[in-house]
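J.: Below you'll find the structure I mean.
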Amino acid sequence: MKANKVVVFTTGGTIMSRFDSATNTIVQAENGDHLLEALSAFHCGYEIEVRDFCNRPSPHMDPEIGITLAREISSALQRQEVCGAVVAHGTDTIEEMSYFVSLILSESKPVVFTGAMKSSSEEYIDNIGNLLGAIRIAGNPASRDRGVLVFFNQDIFSARYVSKSDTNHMNSFVASSGGPMGAVINGEVLYYHIPCKQAVYPVTQIKADVQLVKACFGMSPLLIDACVEAKVDGIVIEALGAGNLPPKLLPSIRRALDSGIPVVIASRCAHGPSLAIYAYEGGGAPLKAMGCLFAGDLSGPKTRIKLMVLLSAGCSPEQIAAHFPTGAAG
């Protein structure tokens with residue numbers, strides 16, 4: 001039997017919403033039927049099966065939902081007639097959900113996340129183009145073994161690097177490193193490069209409480225102290241520049257490390273890795289010497305997700321350290 005079916009999981013978000021001109025607001029639709037109706041005007045070459053997985057704005061999504069979603073995607077991909085899966089998701093947390101799923105789903109068949117920056121009935125609409133392109137990507141054999149993908153505005157991204165860069169524009173989605181890995185042009189799926197393989201962790205539940213703290217100049221240690229007092233399982237700090245912090249935070253970070261709480265340093269910059277290169281007090285090199293880990297080119301939110309998954313998988317401190325880069329200082 002030739003695999004020619006793409007399963008589309010709808011989860012809510014703007015792609016399933018409508019613009020209400022009376023109130024000038026965007027409201028959730030009950031299901032994705034209007035998307036299917038619009039798709040019927042195009043020939044994508046694949047049989048489409050729709051699963052109404054849930055109907056939530058993306059700020060309402062969480063790792064527990066992600067575990068269930070990954071399980072249902074995996075089940076669908078086991079079927080011989082299914083060649084790939086698409087997840088229609090809200091844009092606010094799609095970069096986190098897609099990366100989360102990529103860390104726990106070990107399928108060769110393509111999985112493509114997409115959404116819409118504009119709802120139905122708005123002056124500019126991108127929902128059908130994004131969904132149709134995602135279906136074409138999911139059905140294309142060249143998309144196999146490329147990890148979880150994200151598709152917006154004709155560009156194909158790796159879930160590891162994609163981020164939302166604008167609150168409103170249709171070209172909001174960009175890659176933090178390396179640019180798009182491909183595109184859909186005139187209905188044809190094109191790839192520019194092959195992404196690096198990443199480890200997959202078959203966790204069945206998320207048990208770890210990991211907090212994300214964003215650094216700013218002159219900040220107090222209040223938030224880090226609160227994390228230590230709450231006995232969280234991990235702390236990720238979006239540090240300044242290449243991975244540097246105000247000196248007054250250091251005693252609190254040391255207390256966290258002494259309490260057995262892993263501390264991972266990401267950068268709050270949109271591009272470039274966190275590095276252990278500055279030797280001054282609060283710089284990356286002393287932070288590494290204290291025992292902090294470095295996230296490399298992984299964003300703060302995605303570093304938090306990775307640490308949550310590692311802790312939930314039961315990884316030891318040594319195993320966790322092995323899954324993060326060491327920084328430029330060795």
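Simple scheme: letters A, B, ... for chains in structure tokens order, numbers from 1 for residues in each chain, numbers from 1 for ligands in the order shown.
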Region 72-174 of chain A near region 198-210 of chain A within 7 Å: what's each residue's closest atom pair and its distance in Å to one decimal, counting only C-alpha atoms, ordered by chain then ascending residue number, as JSON lines?

T.:
```
{"residue": "A:Leu103", "atom": "CA", "partner": "A:Val200", "partner_atom": "CA", "distance": 4.8}
{"residue": "A:Ile104", "atom": "CA", "partner": "A:Tyr201", "partner_atom": "CA", "distance": 5.0}
{"residue": "A:Leu105", "atom": "CA", "partner": "A:Val200", "partner_atom": "CA", "distance": 6.7}
{"residue": "A:Ser106", "atom": "CA", "partner": "A:Val200", "partner_atom": "CA", "distance": 6.4}
```

J.: So which residues touch region 117-133 of chain A within 6 Å, counting only C-alpha atoms, skipping near sequence neighbours fewer than 5 positions away, as a list of chain:residue names?

T.: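 Everything that qualifies: A:Thr14, A:Ile15, A:Ser17, A:Arg18, A:Phe19, A:Phe152, A:Met170.
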
J.: May I have the residues from that selection written out with N, CA, C and O atoms, as a PDB file, in the first residue's frame?

T.:
```
ATOM      1  N   THR A  14      -4.638  30.920  16.261  1.00  0.00           N
ATOM      2  CA  THR A  14      -5.141  31.861  15.258  1.00  0.00           C
ATOM      3  C   THR A  14      -5.573  31.169  13.977  1.00  0.00           C
ATOM      4  O   THR A  14      -6.527  31.595  13.319  1.00  0.00           O
ATOM      5  N   ILE A  15      -4.898  30.091  13.608  1.00  0.00           N
ATOM      6  CA  ILE A  15      -5.242  29.396  12.373  1.00  0.00           C
ATOM      7  C   ILE A  15      -6.662  28.840  12.416  1.00  0.00           C
ATOM      8  O   ILE A  15      -7.297  28.637  11.385  1.00  0.00           O
ATOM      9  N   SER A  17      -9.103  30.475  14.142  1.00  0.00           N
ATOM     10  CA  SER A  17      -9.897  31.586  14.673  1.00  0.00           C
ATOM     11  C   SER A  17     -10.490  32.432  13.560  1.00  0.00           C
ATOM     12  O   SER A  17     -10.122  32.310  12.388  1.00  0.00           O
ATOM     13  N   ARG A  18     -11.419  33.292  13.962  1.00  0.00           N
ATOM     14  CA  ARG A  18     -12.058  34.213  13.023  1.00  0.00           C
ATOM     15  C   ARG A  18     -11.967  35.634  13.580  1.00  0.00           C
ATOM     16  O   ARG A  18     -11.948  35.836  14.797  1.00  0.00           O
ATOM     17  N   PHE A  19     -11.917  36.575  12.674  1.00  0.00           N
ATOM     18  CA  PHE A  19     -11.902  37.975  13.071  1.00  0.00           C
ATOM     19  C   PHE A  19     -13.332  38.490  13.183  1.00  0.00           C
ATOM     20  O   PHE A  19     -14.130  38.352  12.251  1.00  0.00           O
ATOM     21  N   PHE A 152       6.236  28.382   7.832  1.00  0.00           N
ATOM     22  CA  PHE A 152       5.506  29.650   7.782  1.00  0.00           C
ATOM     23  C   PHE A 152       5.984  30.469   6.592  1.00  0.00           C
ATOM     24  O   PHE A 152       7.191  30.531   6.312  1.00  0.00           O
ATOM     25  N   MET A 170       3.172  38.652   8.965  1.00  0.00           N
ATOM     26  CA  MET A 170       3.120  37.280   8.464  1.00  0.00           C
ATOM     27  C   MET A 170       4.509  36.680   8.280  1.00  0.00           C
ATOM     28  O   MET A 170       4.659  35.467   8.233  1.00  0.00           O
TER      29      MET A 170
END
```

J.: Within 12 Å of region 273-293 of chain A, which residues of region 95-200 of chain A come that close, and what is the closest atom pair and distance in Å for each? Count only C-alpha atoms and give it as a Markdown table.

T.:
```
| residue | atom | partner | partner_atom | distance |
| --- | --- | --- | --- | --- |
| A:Tyr161 | CA | A:Pro273 | CA | 12.0 |
| A:Ser176 | CA | A:Pro273 | CA | 9.8 |
| A:Ser177 | CA | A:Pro273 | CA | 9.4 |
```

J.: Leaving out Thr167 (chain A) and any residue of its chain fewer than 5 positions from it, which residues lie within 12 Å of it when counting only C-alpha atoms, given as a ChimeraX atom specification?

T.: /A:91-92,116-118,172-173

J.: Can you write just those residues out, N, CA and C atoms, as a PDB file, in the first residue's frame?

T.:
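Result file is selection18.pdb:
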```
ATOM      1  N   THR A  91       0.563  30.435  17.298  1.00  0.00           N
ATOM      2  CA  THR A  91       1.930  30.890  17.033  1.00  0.00           C
ATOM      3  C   THR A  91       2.700  31.314  18.280  1.00  0.00           C
ATOM      4  N   ASP A  92       2.008  31.684  19.362  1.00  0.00           N
ATOM      5  CA  ASP A  92       2.718  32.222  20.522  1.00  0.00           C
ATOM      6  C   ASP A  92       3.682  31.219  21.143  1.00  0.00           C
ATOM      7  N   ALA A 116      -0.930  30.328  11.826  1.00  0.00           N
ATOM      8  CA  ALA A 116      -1.266  31.518  11.045  1.00  0.00           C
ATOM      9  C   ALA A 116      -1.065  32.755  11.898  1.00  0.00           C
ATOM     10  N   MET A 117      -0.553  33.782  11.281  1.00  0.00           N
ATOM     11  CA  MET A 117      -0.443  35.078  11.957  1.00  0.00           C
ATOM     12  C   MET A 117      -1.733  35.881  11.800  1.00  0.00           C
ATOM     13  N   LYS A 118      -2.551  35.487  10.831  1.00  0.00           N
ATOM     14  CA  LYS A 118      -3.810  36.201  10.590  1.00  0.00           C
ATOM     15  C   LYS A 118      -4.971  35.205  10.641  1.00  0.00           C
ATOM     16  N   SER A 172       6.822  36.728  10.474  1.00  0.00           N
ATOM     17  CA  SER A 172       7.337  36.779  11.843  1.00  0.00           C
ATOM     18  C   SER A 172       8.373  35.700  12.134  1.00  0.00           C
ATOM     19  N   PHE A 173       8.266  34.527  11.509  1.00  0.00           N
ATOM     20  CA  PHE A 173       9.104  33.405  11.937  1.00  0.00           C
ATOM     21  C   PHE A 173      10.462  33.407  11.243  1.00  0.00           C
TER      22      PHE A 173
END
```

J.: Can you tell me, as a JSON list (two decimals) with all heavy atoms, in the first residue's frame, what residues are no more than 9 Å from Val6 (chain A) when counting only C-alpha atoms, ignoring any on the same chain fewer than 6 positions away?

T.:
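The new file part-v2.json reads:
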```json
[["chain", "number", "residue", "atom", "x", "y", "z"],
["A", 46, "TYR", "N", -2.54, 14.72, -1.84],
["A", 46, "TYR", "CA", -2.56, 13.80, -0.70],
["A", 46, "TYR", "C", -3.97, 13.69, -0.12],
["A", 46, "TYR", "O", -4.73, 14.67, -0.13],
["A", 46, "TYR", "CB", -1.60, 14.26, 0.39],
["A", 46, "TYR", "CG", -0.18, 14.39, -0.08],
["A", 46, "TYR", "CD1", 0.34, 15.63, -0.42],
["A", 46, "TYR", "CD2", 0.63, 13.27, -0.21],
["A", 46, "TYR", "CE1", 1.64, 15.76, -0.88],
["A", 46, "TYR", "CE2", 1.93, 13.39, -0.67],
["A", 46, "TYR", "CZ", 2.44, 14.63, -1.00],
["A", 46, "TYR", "OH", 3.72, 14.75, -1.46],
["A", 47, "GLU", "N", -4.28, 12.53, 0.39],
["A", 47, "GLU", "CA", -5.51, 12.38, 1.15],
["A", 47, "GLU", "C", -5.30, 12.99, 2.53],
["A", 47, "GLU", "O", -4.26, 12.78, 3.16],
["A", 47, "GLU", "CB", -5.87, 10.90, 1.28],
["A", 47, "GLU", "CG", -7.18, 10.64, 2.01],
["A", 47, "GLU", "CD", -7.47, 9.17, 2.17],
["A", 47, "GLU", "OE1", -6.75, 8.34, 1.56],
["A", 47, "GLU", "OE2", -8.41, 8.84, 2.94],
["A", 48, "ILE", "N", -6.27, 13.75, 2.99],
["A", 48, "ILE", "CA", -6.12, 14.46, 4.26],
["A", 48, "ILE", "C", -7.10, 13.90, 5.29],
["A", 48, "ILE", "O", -8.29, 13.77, 5.03],
["A", 48, "ILE", "CB", -6.37, 15.97, 4.07],
["A", 48, "ILE", "CG1", -5.39, 16.55, 3.06],
["A", 48, "ILE", "CG2", -6.24, 16.71, 5.41],
["A", 48, "ILE", "CD1", -5.70, 17.97, 2.64],
["A", 49, "GLU", "N", -6.55, 13.56, 6.44],
["A", 49, "GLU", "CA", -7.36, 13.12, 7.58],
["A", 49, "GLU", "C", -7.18, 14.14, 8.70],
["A", 49, "GLU", "O", -6.05, 14.43, 9.10],
["A", 49, "GLU", "CB", -6.92, 11.74, 8.05],
["A", 49, "GLU", "CG", -7.64, 11.24, 9.29],
["A", 49, "GLU", "CD", -7.10, 9.91, 9.76],
["A", 49, "GLU", "OE1", -6.81, 9.03, 8.90],
["A", 49, "GLU", "OE2", -6.95, 9.72, 10.99],
["A", 50, "VAL", "N", -8.27, 14.68, 9.21],
["A", 50, "VAL", "CA", -8.20, 15.71, 10.23],
["A", 50, "VAL", "C", -8.55, 15.14, 11.59],
["A", 50, "VAL", "O", -9.53, 14.41, 11.74],
["A", 50, "VAL", "CB", -9.13, 16.90, 9.91],
["A", 50, "VAL", "CG1", -9.12, 17.92, 11.04],
["A", 50, "VAL", "CG2", -8.69, 17.56, 8.61],
["A", 81, "GLU", "N", -0.57, 3.56, 5.67],
["A", 81, "GLU", "CA", -1.04, 4.50, 4.64],
["A", 81, "GLU", "C", -0.69, 5.95, 4.93],
["A", 81, "GLU", "O", -0.87, 6.82, 4.08],
["A", 81, "GLU", "CB", -2.56, 4.36, 4.48],
["A", 81, "GLU", "CG", -3.40, 4.94, 5.61],
["A", 81, "GLU", "CD", -3.62, 4.01, 6.77],
["A", 81, "GLU", "OE1", -2.87, 3.00, 6.88],
["A", 81, "GLU", "OE2", -4.53, 4.25, 7.57],
["A", 82, "VAL", "N", -0.17, 6.24, 6.12],
["A", 82, "VAL", "CA", 0.14, 7.62, 6.52],
["A", 82, "VAL", "C", 1.60, 7.94, 6.18],
["A", 82, "VAL", "O", 2.51, 7.21, 6.57],
["A", 82, "VAL", "CB", -0.11, 7.84, 8.02],
["A", 82, "VAL", "CG1", 0.36, 9.22, 8.46],
["A", 82, "VAL", "CG2", -1.59, 7.66, 8.33],
["A", 83, "CYS", "N", 1.80, 9.02, 5.44],
["A", 83, "CYS", "CA", 3.16, 9.40, 5.05],
["A", 83, "CYS", "C", 3.72, 10.54, 5.89],
["A", 83, "CYS", "O", 4.93, 10.81, 5.86],
["A", 83, "CYS", "CB", 3.22, 9.78, 3.57],
["A", 83, "CYS", "SG", 2.04, 11.04, 3.06],
["A", 84, "GLY", "N", 2.87, 11.24, 6.65],
["A", 84, "GLY", "CA", 3.36, 12.32, 7.47],
["A", 84, "GLY", "C", 2.24, 12.95, 8.27],
["A", 84, "GLY", "O", 1.06, 12.61, 8.10],
["A", 85, "ALA", "N", 2.61, 13.87, 9.16],
["A", 85, "ALA", "CA", 1.64, 14.54, 10.02],
["A", 85, "ALA", "C", 1.88, 16.04, 10.04],
["A", 85, "ALA", "O", 3.02, 16.50, 9.93],
["A", 85, "ALA", "CB", 1.69, 13.98, 11.44],
["A", 86, "VAL", "N", 0.79, 16.79, 10.20],
["A", 86, "VAL", "CA", 0.84, 18.25, 10.33],
["A", 86, "VAL", "C", 0.14, 18.61, 11.63],
["A", 86, "VAL", "O", -0.90, 18.03, 11.97],
["A", 86, "VAL", "CB", 0.15, 18.94, 9.14],
["A", 86, "VAL", "CG1", -0.03, 20.44, 9.40],
["A", 86, "VAL", "CG2", 0.95, 18.72, 7.87],
["A", 135, "ILE", "N", 1.24, 20.53, 4.51],
["A", 135, "ILE", "CA", 0.78, 19.23, 4.03],
["A", 135, "ILE", "C", 1.71, 18.71, 2.93],
["A", 135, "ILE", "O", 2.09, 17.53, 2.91],
["A", 135, "ILE", "CB", -0.68, 19.32, 3.53],
["A", 135, "ILE", "CG1", -1.63, 19.54, 4.72],
["A", 135, "ILE", "CG2", -1.07, 18.06, 2.76],
["A", 135, "ILE", "CD1", -3.04, 19.90, 4.31],
["A", 136, "ARG", "N", 2.10, 19.59, 2.04],
["A", 136, "ARG", "CA", 3.02, 19.18, 0.96],
["A", 136, "ARG", "C", 4.38, 18.74, 1.53],
["A", 136, "ARG", "O", 5.00, 17.79, 1.05],
["A", 136, "ARG", "CB", 3.19, 20.32, -0.03],
["A", 136, "ARG", "CG", 1.96, 20.52, -0.91],
["A", 136, "ARG", "CD", 2.11, 21.69, -1.84],
["A", 136, "ARG", "NE", 1.04, 21.69, -2.85],
["A", 136, "ARG", "CZ", 0.46, 22.78, -3.33],
["A", 136, "ARG", "NH1", 0.83, 23.98, -2.88],
["A", 136, "ARG", "NH2", -0.49, 22.69, -4.23],
["A", 138, "ALA", "N", 4.88, 17.52, 4.61],
["A", 138, "ALA", "CA", 4.68, 16.27, 5.35],
["A", 138, "ALA", "C", 4.54, 15.08, 4.42],
["A", 138, "ALA", "O", 4.91, 13.95, 4.78],
["A", 138, "ALA", "CB", 3.44, 16.38, 6.24],
["A", 139, "GLY", "N", 4.03, 15.28, 3.22],
["A", 139, "GLY", "CA", 3.84, 14.19, 2.28],
["A", 139, "GLY", "C", 5.04, 13.91, 1.40],
["A", 139, "GLY", "O", 5.07, 12.90, 0.70]]
```

J.: Using only C-alpha atoms, which of the listed residues (A:Leu307, A:Met97, A:Val87, A:Ile261) sits closest to Arg51 (chain A)?

T.: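 Of the candidates, the smallest distance to Arg51 (chain A) is held by A:Val87.
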
J.: Would you give me, as a PyMOL selection string, the residues in region 13-252 of chain A that DSSP reads as alpha helix (DSSP H)?

T.: chain A and resi 33-39+63-77+94-104+127-139+222-229+250-252

J.: Would you write out those residues with C-alpha atoms, as an mmCIF file, in the first residue's frame?

T.:
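The resulting part-v2.cif:
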```cif
data_model
loop_
_atom_site.group_PDB
_atom_site.id
_atom_site.type_symbol
_atom_site.label_atom_id
_atom_site.label_comp_id
_atom_site.auth_asym_id
_atom_site.auth_seq_id
_atom_site.Cartn_x
_atom_site.Cartn_y
_atom_site.Cartn_z
ATOM 1 C CA ASP A 33 -14.020 22.749 9.299
ATOM 2 C CA HIS A 34 -13.576 26.141 7.632
ATOM 3 C CA LEU A 35 -9.934 25.252 6.916
ATOM 4 C CA LEU A 36 -10.946 22.031 5.171
ATOM 5 C CA GLU A 37 -13.533 23.859 3.119
ATOM 6 C CA ALA A 38 -10.913 26.349 1.959
ATOM 7 C CA LEU A 39 -8.407 23.554 1.198
ATOM 8 C CA PRO A 63 4.202 19.951 28.383
ATOM 9 C CA GLU A 64 1.504 17.553 29.565
ATOM 10 C CA ILE A 65 -0.533 18.355 26.458
ATOM 11 C CA GLY A 66 2.645 17.979 24.426
ATOM 12 C CA ILE A 67 3.216 14.461 25.770
ATOM 13 C CA THR A 68 -0.279 13.419 24.692
ATOM 14 C CA LEU A 69 0.082 15.135 21.310
ATOM 15 C CA ALA A 70 3.392 13.373 20.622
ATOM 16 C CA ARG A 71 1.828 10.038 21.556
ATOM 17 C CA GLU A 72 -1.086 10.543 19.146
ATOM 18 C CA ILE A 73 1.230 11.704 16.345
ATOM 19 C CA SER A 74 3.389 8.610 16.841
ATOM 20 C CA SER A 75 0.317 6.363 16.738
ATOM 21 C CA ALA A 76 -0.873 7.961 13.483
ATOM 22 C CA LEU A 77 2.542 7.615 11.850
ATOM 23 C CA ILE A 94 4.664 26.947 18.562
ATOM 24 C CA GLU A 95 8.448 27.281 18.791
ATOM 25 C CA GLU A 96 8.371 25.685 22.250
ATOM 26 C CA MET A 97 5.806 22.965 21.520
ATOM 27 C CA SER A 98 7.465 21.924 18.271
ATOM 28 C CA TYR A 99 10.882 21.710 19.975
ATOM 29 C CA PHE A 100 9.398 19.814 22.919
ATOM 30 C CA VAL A 101 7.827 17.265 20.573
ATOM 31 C CA SER A 102 11.109 16.996 18.652
ATOM 32 C CA LEU A 103 12.877 15.918 21.858
ATOM 33 C CA ILE A 104 10.485 13.070 22.634
ATOM 34 C CA ASN A 127 -3.748 30.292 7.135
ATOM 35 C CA ILE A 128 -4.523 28.295 3.971
ATOM 36 C CA GLY A 129 -1.114 28.885 2.380
ATOM 37 C CA ASN A 130 0.680 27.758 5.530
ATOM 38 C CA LEU A 131 -1.506 24.693 5.994
ATOM 39 C CA LEU A 132 -1.307 23.651 2.349
ATOM 40 C CA GLY A 133 2.479 24.058 2.317
ATOM 41 C CA ALA A 134 2.816 22.058 5.534
ATOM 42 C CA ILE A 135 0.776 19.227 4.029
ATOM 43 C CA ARG A 136 3.021 19.176 0.962
ATOM 44 C CA ILE A 137 6.112 19.058 3.184
ATOM 45 C CA ALA A 138 4.680 16.270 5.348
ATOM 46 C CA GLY A 139 3.841 14.189 2.276
ATOM 47 C CA LEU A 222 15.299 38.237 44.056
ATOM 48 C CA LEU A 223 14.121 35.844 41.336
ATOM 49 C CA ILE A 224 17.017 33.420 41.709
ATOM 50 C CA ASP A 225 16.614 33.435 45.504
ATOM 51 C CA ALA A 226 12.911 32.678 45.058
ATOM 52 C CA CYS A 227 13.789 29.700 42.833
ATOM 53 C CA VAL A 228 16.206 28.344 45.431
ATOM 54 C CA GLU A 229 13.691 28.805 48.255
ATOM 55 C CA LEU A 250 26.700 35.203 42.063
ATOM 56 C CA PRO A 251 26.027 34.303 45.733
ATOM 57 C CA SER A 252 22.470 33.260 44.840
#
```

J.: Can you pull out every residue from region 49-293 of chain A that DSSP, working from the backbone, puts in strand (DSSP E or B), and format the result as a PyMOL selection string?

T.: chain A and resi 49-52+82-88+111-114+120+149-152+155-158+162-164+173-175+182-185+188-191+210-214+234-240+244+263-267+293

J.: Can you tell me which residues surround Gly296 (chain A) at a distance of at most 12 Å, considering only C-alpha atoms, apart from same-chain residues fewer than 5 positions away, and format the answer as a PyMOL selection string?

T.: chain A and resi 161+176-177+238-239+242-243+264-269+271-276+284+302-303+323-328

J.: Which of these residues is nearest to Gly241 (chain A), using only C-alpha atoms: A:Val213, A:Met219, A:Ala270, A:Cys315?

T.: A:Ala270

J.: May I ask which of the residues A:Phe42, A:Val174, A:Lys306, A:Phe53 is the closest one to Gln211 (chain A), counting only C-alpha atoms?

T.: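 Result for the nearest residue to Gln211 (chain A): A:Lys306.
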
J.: Please compute the CA of Ala322 (chain A)-CA of Leu249 (chain A) distance, one decimal, in Å.

T.: 25.1 Å
